[in-house]
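Colleague: There's a structure below that I have some questions on.
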Amino acid sequence: MHGHSRREFLQMGASLAAALGLGQKQAIALADGLERLAEQKTRVLWLQGMSCSGCSVSFLNTDTPDPVEVLTEMISLVFHQTISATQGTQAMETLSKAVDEGNYCLVVEGAIPLTMQNACTIGGKPLATLLPPILRNAQAVVAAGTCAAFGGIPAAEGNATGAASVKECMEKAGIPVAKRLINCPGCPVHPQTLVATLAYVANKRFPDVDPVLLTPTAFYRHSVHDECPRFHYWEKHEFAEKFGDEGCLFKLGCLGPLSHTNCPRRQWNSGVNWCIRAGAPCIGCTNEQFAKKKDFPFYRKGEQYHAVEYQEQDRKGPKDET
Ligand code: SF4
Ligand code: SF4
């Protein structure tokens, strides 16, 4: 049993909501979810597919609550290829037992190679064959990071391994995605976004998601461009011509209009800084097409138009719910 009082959970929920720019209603829901996670009413299985492990590293950098609390008191992480204490046969038996028992939330990091299946194996088994029954038994599935959510870098044009997103994998196996799959893109996924999503799931409140992208609207409703501190330059058509200049970074290839997430609100590394504030254009890391197409490179120069369709009238999302 955890050692936190209800008051402490409310404080944690409030800090997490504040870090994510959410209101009081969400703070209470998050507090309830964190409490349920700590009571181990929902366990978490985490599988890594074709990934750089950056989303695991990002998760370990959470600060509200801090990583030690998350791992030792909040989240019962039953299986994780690199963090679990158990290894080899014992770890695979733990995974199999947890799947049989059900009542878990599955986090998938990385893409799944559906064609060259031996490109990613766990315990000697191809992930592509191991994954479907684990997806089927899950109470909820969180695709953590852009590779899991949309294919990302492993699915870049050419895609010799047949790297696919979790959604494609579920559809291929005939597993319904509605009210089950939550996409949390980002390269990497932001740690607070992930912890908050797990708290929603543990609280049995499936978050509101975008009907097409399946991203939680609380965190992915607005584009980076919507809330960018350089937006006033964009309106005045004052563009930076080189790195370090004042001005909107559009002509240095900024993809903020195409990347829906809350970076301007919560920033990175405990709110220390983020791409655009550091003078780097947004590379669109939450976009569905991120790194997949040849005409979607990380950096461009002399931008006249965006490679992916962008309508100015779509710039502002619906009003915030607090
Ligand atoms: S194009 Fe980029 S730098 Fe310019 S306002 Fe939009 S998000 Fe900000
Ligand atoms: S500013 Fe853009 S590239 Fe940077 S983390 Fe946010 S969405 Fe990703």
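Residue numbers start at 1 in each chain; chains themselves are named A, B, ... in the order of the structure tokens; ligands are numbered from 1 in the order shown.
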What does the list of residues within 7 Å of ligand 2 look like if you count only C-alpha atoms and all ligand atoms, written as a list in words?

Modeller: Gly186, Cys187, Val224, Gly256, Ser259, His260, Thr261, Cys263, Trp274, Cys275, Ile276, Cys282, Ile283, Gly284, Cys285 and Thr286 of chain A

Colleague: Chain A near ligand 1 within 12 Å: what's each residue's closest atom pair and its distance in Å to one decimal, counting only C-alpha atoms and all ligand atoms, ordered by chain then ascending residue number, as CSV?

Modeller:
```
residue,atom,partner,partner_atom_place_in_ligand_line,distance
A:His222,CA,ligand 1,7 (S),11.1
A:Ser223,CA,ligand 1,7 (S),7.9
A:Val224,CA,ligand 1,7 (S),5.3
A:His225,CA,ligand 1,7 (S),3.5
A:Asp226,CA,ligand 1,7 (S),7.2
A:Glu227,CA,ligand 1,7 (S),7.7
A:Cys228,CA,ligand 1,8 (Fe),4.6
A:Pro229,CA,ligand 1,8 (Fe),6.5
A:Arg230,CA,ligand 1,8 (Fe),4.8
A:Phe231,CA,ligand 1,5 (S),3.7
A:His232,CA,ligand 1,5 (S),7.1
A:Tyr233,CA,ligand 1,5 (S),6.7
A:Trp234,CA,ligand 1,5 (S),5.1
A:Glu235,CA,ligand 1,5 (S),8.0
A:Lys236,CA,ligand 1,5 (S),10.3
A:His237,CA,ligand 1,4 (Fe),9.3
A:Glu238,CA,ligand 1,4 (Fe),9.1
A:Phe239,CA,ligand 1,4 (Fe),7.7
A:Ala240,CA,ligand 1,3 (S),8.8
A:Glu241,CA,ligand 1,3 (S),11.9
A:Phe243,CA,ligand 1,3 (S),11.6
A:Asp245,CA,ligand 1,3 (S),11.3
A:Glu246,CA,ligand 1,3 (S),9.9
A:Gly247,CA,ligand 1,3 (S),7.4
A:Cys248,CA,ligand 1,4 (Fe),3.8
A:Leu249,CA,ligand 1,3 (S),4.0
A:Phe250,CA,ligand 1,1 (S),4.1
A:Lys251,CA,ligand 1,1 (S),7.9
A:Leu252,CA,ligand 1,3 (S),8.8
A:Gly253,CA,ligand 1,1 (S),8.0
A:Cys254,CA,ligand 1,2 (Fe),4.6
A:Leu255,CA,ligand 1,2 (Fe),6.0
A:Gly256,CA,ligand 1,7 (S),3.7
A:Pro257,CA,ligand 1,6 (Fe),5.6
A:Leu258,CA,ligand 1,7 (S),8.7
A:Ser259,CA,ligand 1,7 (S),8.6
A:His260,CA,ligand 1,7 (S),10.3
A:Thr261,CA,ligand 1,7 (S),11.2
A:Asn262,CA,ligand 1,7 (S),11.5
A:Cys263,CA,ligand 1,7 (S),10.2
A:Pro264,CA,ligand 1,7 (S),9.2
A:Trp274,CA,ligand 1,7 (S),11.7
A:Cys275,CA,ligand 1,3 (S),9.6
A:Ile276,CA,ligand 1,3 (S),6.3
A:Arg277,CA,ligand 1,3 (S),8.9
A:Ala278,CA,ligand 1,3 (S),10.9
A:Gly279,CA,ligand 1,3 (S),8.6
A:Ala280,CA,ligand 1,3 (S),8.5
A:Pro281,CA,ligand 1,2 (Fe),6.1
A:Cys282,CA,ligand 1,2 (Fe),6.3
A:Ile283,CA,ligand 1,2 (Fe),9.3
A:Gly284,CA,ligand 1,7 (S),9.6
A:Glu303,CA,ligand 1,1 (S),10.1
A:Gln304,CA,ligand 1,1 (S),11.3
A:Tyr305,CA,ligand 1,1 (S),10.8
A:His306,CA,ligand 1,1 (S),10.1
A:Tyr310,CA,ligand 1,1 (S),11.5
A:Glu312,CA,ligand 1,6 (Fe),10.9
A:Arg315,CA,ligand 1,6 (Fe),9.8
A:Lys316,CA,ligand 1,6 (Fe),12.0
```

Colleague: Measuring between only C-alpha atoms, which one of A:Val142, A:Leu60, A:Ala173, A:Met92 shows the shortest distance to Leu198 in chain A?

Modeller: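 With only C-alpha atoms as the atom set, the closest residue is A:Val142.
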
Colleague: Please, what distance in Å, to one decimal, runs between CA of Tyr200 in chain A and CA of Gly33 in chain A?

Modeller: 5.6 Å

Colleague: Hey, can you check how far CA of Arg180 in chain A sits from CA of Glu157 in chain A?

Modeller: 28.5 Å

Colleague: Report the residues of range 185-316 of chain A whose backbone DSSP state falls under strand (DSSP E or B), written as an mmCIF file with N, CA and C atoms, in the first residue's frame.

Modeller:
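Output (selection.cif):
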```cif
data_model
loop_
_atom_site.group_PDB
_atom_site.id
_atom_site.type_symbol
_atom_site.label_atom_id
_atom_site.label_comp_id
_atom_site.auth_asym_id
_atom_site.auth_seq_id
_atom_site.Cartn_x
_atom_site.Cartn_y
_atom_site.Cartn_z
ATOM 1 N N VAL A 209 -10.486 12.014 -27.252
ATOM 2 C CA VAL A 209 -9.410 11.943 -28.243
ATOM 3 C C VAL A 209 -9.877 12.502 -29.585
ATOM 4 N N PRO A 216 -5.101 12.506 -27.232
ATOM 5 C CA PRO A 216 -5.937 13.146 -26.203
ATOM 6 C C PRO A 216 -6.028 14.655 -26.449
ATOM 7 N N SER A 223 -2.072 23.615 -32.071
ATOM 8 C CA SER A 223 -0.759 23.470 -32.713
ATOM 9 C C SER A 223 0.249 24.317 -31.941
ATOM 10 N N PHE A 239 10.315 37.635 -40.419
ATOM 11 C CA PHE A 239 10.878 36.285 -40.370
ATOM 12 C C PHE A 239 12.381 36.307 -40.107
ATOM 13 N N CYS A 248 9.862 35.262 -36.541
ATOM 14 C CA CYS A 248 9.231 33.948 -36.719
ATOM 15 C C CYS A 248 10.188 33.034 -37.480
ATOM 16 N N HIS A 260 0.698 19.438 -33.585
ATOM 17 C CA HIS A 260 -0.279 19.687 -32.534
ATOM 18 C C HIS A 260 0.198 19.084 -31.225
ATOM 19 N N TRP A 268 9.931 21.775 -21.889
ATOM 20 C CA TRP A 268 10.621 20.506 -21.634
ATOM 21 C C TRP A 268 11.557 20.654 -20.433
ATOM 22 N N ASN A 273 12.959 24.945 -20.910
ATOM 23 C CA ASN A 273 13.074 25.515 -22.247
ATOM 24 C C ASN A 273 12.399 24.584 -23.247
#
```

Colleague: Could you write out, as a PyMOL selection string, all the residues of range 6-72 of chain A that DSSP marks as helix (DSSP H, G or I)?

Modeller: chain A and resi 6-19+24-38+54-59+67-72

Colleague: Only N, CA and C atoms, please: the residues just picked out, written as a compact mmCIF listing (two decimals), in the first residue's frame.

Modeller:
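For reference, part_8.txt as written:
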```txt
# COMPACT_ATOMS: atom_id res chain seq x y z
N ARG A 6 -4.55 11.51 0.86
CA ARG A 6 -5.41 12.07 -0.19
C ARG A 6 -4.96 13.50 -0.53
N ARG A 7 -4.61 14.24 0.50
CA ARG A 7 -4.16 15.63 0.28
C ARG A 7 -2.93 15.66 -0.64
N GLU A 8 -2.01 14.69 -0.42
CA GLU A 8 -0.80 14.67 -1.27
C GLU A 8 -1.15 14.33 -2.71
N PHE A 9 -2.11 13.40 -2.90
CA PHE A 9 -2.52 13.09 -4.28
C PHE A 9 -3.15 14.31 -4.94
N LEU A 10 -3.95 15.06 -4.16
CA LEU A 10 -4.56 16.26 -4.73
C LEU A 10 -3.48 17.27 -5.12
N GLN A 11 -2.45 17.36 -4.28
CA GLN A 11 -1.34 18.28 -4.61
C GLN A 11 -0.63 17.83 -5.88
N MET A 12 -0.40 16.51 -5.99
CA MET A 12 0.28 15.98 -7.19
C MET A 12 -0.58 16.21 -8.43
N GLY A 13 -1.90 15.97 -8.30
CA GLY A 13 -2.80 16.18 -9.44
C GLY A 13 -2.77 17.64 -9.86
N ALA A 14 -2.76 18.55 -8.87
CA ALA A 14 -2.75 19.98 -9.18
C ALA A 14 -1.43 20.37 -9.86
N SER A 15 -0.30 19.82 -9.38
CA SER A 15 1.00 20.16 -10.00
C SER A 15 1.05 19.64 -11.43
N LEU A 16 0.56 18.40 -11.60
CA LEU A 16 0.60 17.80 -12.94
C LEU A 16 -0.29 18.60 -13.90
N ALA A 17 -1.49 18.97 -13.42
CA ALA A 17 -2.40 19.75 -14.26
C ALA A 17 -1.78 21.11 -14.59
N ALA A 18 -1.15 21.73 -13.59
CA ALA A 18 -0.53 23.05 -13.83
C ALA A 18 0.59 22.92 -14.85
N ALA A 19 1.41 21.87 -14.71
CA ALA A 19 2.53 21.68 -15.64
C ALA A 19 2.03 21.52 -17.07
N GLN A 24 -8.82 23.00 -12.99
CA GLN A 24 -9.02 22.32 -11.71
C GLN A 24 -9.77 20.98 -11.84
N LYS A 25 -10.75 20.97 -12.79
CA LYS A 25 -11.52 19.73 -12.97
C LYS A 25 -10.59 18.58 -13.35
N GLN A 26 -9.65 18.91 -14.24
CA GLN A 26 -8.69 17.88 -14.69
C GLN A 26 -7.74 17.52 -13.55
N ALA A 27 -7.42 18.50 -12.69
CA ALA A 27 -6.49 18.24 -11.58
C ALA A 27 -7.06 17.17 -10.66
N ILE A 28 -8.38 17.24 -10.40
CA ILE A 28 -8.99 16.25 -9.50
C ILE A 28 -9.01 14.87 -10.17
N ALA A 29 -9.33 14.87 -11.47
CA ALA A 29 -9.34 13.58 -12.20
C ALA A 29 -7.95 12.96 -12.18
N LEU A 30 -6.93 13.79 -12.34
CA LEU A 30 -5.55 13.27 -12.34
C LEU A 30 -5.18 12.76 -10.95
N ALA A 31 -5.59 13.49 -9.91
CA ALA A 31 -5.30 13.04 -8.54
C ALA A 31 -5.95 11.68 -8.29
N ASP A 32 -7.20 11.52 -8.73
CA ASP A 32 -7.90 10.24 -8.56
C ASP A 32 -7.15 9.13 -9.30
N GLY A 33 -6.70 9.45 -10.52
CA GLY A 33 -5.99 8.44 -11.32
C GLY A 33 -4.67 8.06 -10.70
N LEU A 34 -3.92 9.04 -10.21
CA LEU A 34 -2.63 8.74 -9.58
C LEU A 34 -2.84 7.86 -8.35
N GLU A 35 -3.93 8.14 -7.62
CA GLU A 35 -4.21 7.34 -6.42
C GLU A 35 -4.53 5.89 -6.80
N ARG A 36 -5.30 5.74 -7.87
CA ARG A 36 -5.63 4.37 -8.31
C ARG A 36 -4.38 3.64 -8.81
N LEU A 37 -3.50 4.39 -9.50
CA LEU A 37 -2.25 3.75 -9.96
C LEU A 37 -1.43 3.30 -8.76
N ALA A 38 -1.35 4.18 -7.74
CA ALA A 38 -0.55 3.85 -6.56
C ALA A 38 -1.14 2.65 -5.82
N GLY A 54 14.16 6.46 -26.66
CA GLY A 54 14.05 7.84 -26.18
C GLY A 54 12.78 8.09 -25.38
N CYS A 55 11.69 7.39 -25.71
CA CYS A 55 10.45 7.61 -24.96
C CYS A 55 10.55 7.03 -23.56
N SER A 56 11.29 5.92 -23.40
CA SER A 56 11.54 5.38 -22.05
C SER A 56 12.37 6.37 -21.25
N VAL A 57 13.40 6.92 -21.90
CA VAL A 57 14.27 7.88 -21.22
C VAL A 57 13.46 9.11 -20.81
N SER A 58 12.60 9.56 -21.72
CA SER A 58 11.76 10.72 -21.42
C SER A 58 10.86 10.42 -20.22
N PHE A 59 10.26 9.24 -20.21
CA PHE A 59 9.39 8.82 -19.11
C PHE A 59 10.15 8.87 -17.78
N PRO A 67 10.56 10.74 -10.81
CA PRO A 67 10.72 9.39 -11.36
C PRO A 67 10.74 8.28 -10.33
N VAL A 68 11.39 8.53 -9.18
CA VAL A 68 11.46 7.46 -8.17
C VAL A 68 10.05 7.16 -7.66
N GLU A 69 9.27 8.22 -7.40
CA GLU A 69 7.90 8.01 -6.93
C GLU A 69 7.08 7.29 -7.99
N VAL A 70 7.24 7.71 -9.26
CA VAL A 70 6.46 7.09 -10.33
C VAL A 70 6.76 5.60 -10.40
N LEU A 71 8.05 5.27 -10.33
CA LEU A 71 8.43 3.86 -10.54
C LEU A 71 8.25 3.00 -9.29
N THR A 72 8.42 3.58 -8.11
CA THR A 72 8.35 2.73 -6.91
C THR A 72 7.01 2.80 -6.22
```

Colleague: Excluding Glu109 in chain A and any residue of its chain fewer than 5 positions from it, enumerate the residues within 6 Å of it, using only C-alpha atoms, and give them as a PDB file with N, CA, C and O atoms, in the first residue's frame.

Modeller:
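part_1.pdb written:
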```pdb
ATOM      1  N   GLN A  48       8.785  -2.449 -25.934  1.00  0.00           N
ATOM      2  CA  GLN A  48       9.548  -1.593 -26.841  1.00  0.00           C
ATOM      3  C   GLN A  48       9.689  -2.285 -28.187  1.00  0.00           C
ATOM      4  O   GLN A  48      10.215  -3.398 -28.271  1.00  0.00           O
ATOM      5  N   GLY A  49       9.226  -1.610 -29.235  1.00  0.00           N
ATOM      6  CA  GLY A  49       9.394  -2.119 -30.591  1.00  0.00           C
ATOM      7  C   GLY A  49      10.620  -1.487 -31.224  1.00  0.00           C
ATOM      8  O   GLY A  49      11.664  -1.333 -30.582  1.00  0.00           O
ATOM      9  N   ALA A 144       3.103   5.243 -27.168  1.00  0.00           N
ATOM     10  CA  ALA A 144       3.949   6.317 -26.626  1.00  0.00           C
ATOM     11  C   ALA A 144       4.996   6.726 -27.655  1.00  0.00           C
ATOM     12  O   ALA A 144       5.866   5.934 -28.013  1.00  0.00           O
ATOM     13  N   ALA A 148       5.402   4.715 -32.386  1.00  0.00           N
ATOM     14  CA  ALA A 148       4.286   3.820 -32.045  1.00  0.00           C
ATOM     15  C   ALA A 148       2.970   4.379 -32.573  1.00  0.00           C
ATOM     16  O   ALA A 148       2.112   3.638 -33.061  1.00  0.00           O
TER      17      ALA A 148
END
```

Colleague: Considering only C-alpha atoms, state which residue in the set A:Pro132, A:Pro154, A:Ala85, A:Lys97 is at the smallest distance from Ala111 in chain A.

Modeller: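 Checking each candidate against Ala111 in chain A, we get A:Pro154 as the closest.
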
Colleague: Compile the contact shell of His80 in chain A as a VMD selection string: residues with an atom at most 8 Å away, counting only C-alpha atoms, same-chain residues fewer than 5 positions apart removed.

Modeller: chain A and resid 45 to 48

Colleague: Using only C-alpha atoms, which residue out of A:Cys169, A:Gly174, A:Asn137, A:Ala119 lies closest to Glu101 in chain A?

Modeller: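 Of all the options, A:Asn137 lies closest to Glu101 in chain A.
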
Colleague: Give me, as a Markdown table, each residue of range 54-140 of chain A that comes within 10 Å of range 159-167 of chain A, together with its shortest interatomic pair and the distance in Å at one decimal, counting only C-alpha atoms, with rows ordered by chain and rising residue number.

Modeller:
```
| residue | atom | partner | partner_atom | distance |
| --- | --- | --- | --- | --- |
| A:Val108 | CA | A:Val166 | CA | 7.5 |
| A:Glu109 | CA | A:Val166 | CA | 9.1 |
| A:Gly110 | CA | A:Ser165 | CA | 8.0 |
| A:Ala111 | CA | A:Ser165 | CA | 5.3 |
| A:Ile112 | CA | A:Ala164 | CA | 5.2 |
| A:Pro113 | CA | A:Ala163 | CA | 4.1 |
| A:Leu114 | CA | A:Gly162 | CA | 5.1 |
| A:Thr115 | CA | A:Gly162 | CA | 4.6 |
| A:Met116 | CA | A:Thr161 | CA | 4.5 |
| A:Gln117 | CA | A:Thr161 | CA | 7.2 |
| A:Asn118 | CA | A:Thr161 | CA | 8.9 |
| A:Ala119 | CA | A:Thr161 | CA | 6.9 |
| A:Cys120 | CA | A:Thr161 | CA | 9.4 |
| A:Ala128 | CA | A:Ala164 | CA | 9.7 |
| A:Leu131 | CA | A:Val166 | CA | 9.4 |
| A:Pro132 | CA | A:Val166 | CA | 9.8 |
| A:Leu135 | CA | A:Val166 | CA | 9.1 |
```

Colleague: Considering only C-alpha atoms, state which residue in the set A:Thr215, A:Gly124, A:Ala178, A:Glu73 is at the smallest distance from Ala143 in chain A.

Modeller: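 Selected residue with least distance to Ala143 in chain A: A:Thr215.
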
Colleague: What's the separation between CA of Ser270 in chain A and CA of Asp66 in chain A, in Å to one decimal place?

Modeller: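 Rounded to one decimal, the two atoms are 10.4 Å apart.
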